[in-house]
Structures are given as C-alpha cells and as structure tokens.
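Asker: First the structure, then my questions, so here it is.
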Amino acid sequence: MQRGDPGVHRGGRSQSPGAGAGGGSRGGRKDANSALLSNYETLKYISKTPCRHQSPEIVREFLTAMKNHKLTKAEKLQLLNHRPMTAVEIQLMVEESEERLTEEQIEALLHTVTSILPAGPEAEQKANTSDDVTMDEEDPA
Amino acid sequence: MFVLVEMVDTVRIPPWQFERKLNDSIAEELNKKLANKVVYNVGLCICLFDITKLEDAYVFPGDGASHTKVHFRYVVFHPFLDEILIGKIKGCSPEGVHVSLGFFDDILIPPESLQQPAKFDEAEQVWVWEYETEEGAHDLYMDTGEELRFRVVDESFVDTSPTGPSSAEAASSSEELPRKEAPYTLVGSICEPGLGLLSWWTSS
C-alpha cells in the first residue's frame, strides 16, 4: 500500500468547495423551482378533467365493459380521459363511428361511459349548488 | 396524452448526500435533470415514474462523487396523432389561435384549420367563426381564456442544442439576438363538428 503525498491532498481540500457547491445549488434551485411549477400546472390541469376521481378498479371495470364494443386502445384511452357525454364527442374520438357503430351502440356506449366513470369536478359543482338551494329552502321552514 | 418512456442514464451523487438513501438521491437528481425539459423526439418530461434497475455505483479517481447507471421510467407528455385535447385559448394572432394546456404552451391552430368560414377581427385581435344558420350569420368569437377542444394534427421537434464556435463568430458580427425557438410545438385543428370552444357544443 502506498501512502499518497499529504501535501497534494491538503491542497485539494483547500480549493473552497463551498463556492462550487453554492453555484451548483443555485442553478439547481432554479431548475427545481421550474420543475415544481410545471408539476403543479400538470396536476392542476388533470384535476379539472373527469379523470380526477378514477381509480385502478374503475379503469379495470370500464375496460372489461368495453371489450365487446371492439374499440382500439387509443379510442378507449380517449374515452377514459374525456368521459364524453354526447354523440358528437363519441364521433370525434371513435374513428369512422358511422360505419362501425349503429345509433343504439353509440347510446349504449354513452350509457356505459357515464355510468362507470365518475363525473368531473364541474358536474360535482352543479350538484353542490343545487343541494345548497334546497338547504336554503328548508332552513326558514 | 402521457406516455411512460424507458430511459438509461448515469447519475452523479455528490459525497455530501451519501447519508441519504441512494434511491431518494437518484430520484431527486433525475427529477432535477429532466422535469419540465423537452427531450428531442421524445416529448416534454413531467416527472419520474419509477426506477427499474440500479447498477453498481462507481467512484472515479479525482471525483469524490458516486456514479450510478440507472434504468428508469419517466412520465412524458407526448400526445399521439389525432388525439383530442382540451386547452385554454392563450391569444389570437394573424398566424392563428394559440392554445395552452397550463403546463404546455406551444400549441398553434393555423387559420386554415379553424371552423370555416373564419375571419380575423383586426380591431379586437381575435378570430371569429361566421356561423351561418337560417336566421342569418352568427359571429362566434374565440376569446382569450375560453376552453376549447382540438385535435392534434402535427408535432415538430427542434434541436435547440448550442451551436459550435464557428457559427457564434458569424452571429456576433451582426447585432441580432439569438432567436428562441420552442423545442416542441404542436399543430392543432378544430375543423370538425364537436371541435372548438366547449360552449359552442354544449346543449343547455
């Protein structure tokens, strides 16, 4: 085993690692802040969509219900992400829906989507305000 | 909208972080390095999903830090072609309608992909859809802050890596500032029934 030259080691240590660490962490702090902001924006975006209340069980239930409709993976993904409530939206997400699905099938698809997938935050808000209205009517009585 | 991308990278952990658990340090370093950054031909990286494999960590001579090769999966924003997305109108210009998703801003809908017929109102700097019914023409304005549904029609990646010294000399002779190009842009379309402002298609 050879011992290194003690002078070299001491010189290396005195090279003020504080300054290097300070500069590195300042640049790192800027990156970390912008990353935190972008993650927050992403979470905010997702929380406004109907996907907010989904869980793995709901997704599994939805996919099993979709098996006999014969949709592609991309179409099922879009149905999960957007929870369409009208036939127009289904026509947008399912390619060539006029040729592949009859009107009853589109209605059945809409029914499956709205029954299995939980509603988005706006639908919840509407339900809450209607509850508040009924509460006010009951209070004076 | 989001995909999981498998990546491999070597992560450097400085010695003053050796007391922390290796997995935590590596997750933090990967997030600091990639979150909110666009990777060329991959997409906008959001956050780390999980670490699939950690290889042995090595310490190299001259550097006290440990270097670990990591196999991991990252959540990346990369909508597929023809996907329907919902975004907010950021503004209108003669180039088209600019849409933003909150975390991603560079989405443009060119004038030819708007609901036809469309015209640009110069006074209010806003695009208008002239919707014809039996009663006459309705002007439907595309105001800033409105939510709209659009289809992703095209995407383009631009390599924004810094250029070498030879081109820098030519640039410093002229006084122009380096042009900031967005590394990842999406082109959308609202030409079909059901697309456009959400308020146009909701039945009250």
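Residue numbers start at 1 in each chain; chains themselves are named A, B, ... in the order of the structure tokens; ligands are numbered from 1 in the order shown.
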Please find the residues of chain A near chain B - the criterion being any atom within 8 Å, counting only C-alpha atoms - and write them as a count of residues only.
Answerer: 15
Asker: Which polymer residues have any atom within 7 Å of an atom of B:Pro183, counting only C-alpha atoms, with same-chain residues fewer than 4 positions away left out, as a VMD selection string?
Answerer: chain B and resid 38 157 to 160
Asker: In Å to one decimal, how far is atom CA of B:Phe2 from atom CA of B:Asp143?
Answerer: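 Interatomic distance, atom CA of B:Asp143 to atom CA of B:Phe2: 27.8 Å.
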Asker: One decimal, Å: what's the distance from atom CA of B:Pro162 over to atom CA of B:Asn41, could you say?
Answerer: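 Taking atom CA of B:Pro162 as the start and atom CA of B:Asn41 as the end point, the length is 17.0 Å.
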Asker: List the spatial neighbours of stretch 53-56 of chain A as number ranges by chain - criterion: any atom at most 12 Å away, only C-alpha atoms, same-chain residues fewer than 2 positions off excluded.
Answerer: A: 46-51, 58-63, 80-83, 116-121, 124
Asker: Taking only C-alpha atoms into account, name the residue in B:Ser25, B:Ser113, B:Ser199, B:Ser189 that is nearest to B:Glu147.
Answerer: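 Among the listed residues, B:Ser199 lies closest to B:Glu147.
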Asker: How many Å lie between atom CA of B:Met7 and atom CA of B:Phe72, rounded to one decimal?
Answerer: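 Atom CA of B:Phe72 lies at a distance of 5.5 Å from atom CA of B:Met7.
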Asker: For B:Phe18, please output as a compact mmCIF listing (two decimals) with C-alpha atoms, in the first residue's frame all residues within 12 Å (counting only C-alpha atoms; exclusion window: fewer than 6 positions along the same chain).
Answerer:
```
# COMPACT_ATOMS: atom_id res chain seq x y z
CA ARG B 12 -23.81 11.57 -10.18
CA ASP B 24 -34.08 9.04 -2.88
CA SER B 25 -30.95 10.87 -4.05
CA ILE B 26 -31.22 9.33 -7.52
CA ALA B 57 -22.16 2.69 -8.18
CA GLY B 64 -15.37 12.01 -4.84
CA ALA B 65 -18.92 11.56 -6.12
CA SER B 66 -20.51 8.23 -6.97
CA HIS B 67 -21.74 7.49 -10.47
```
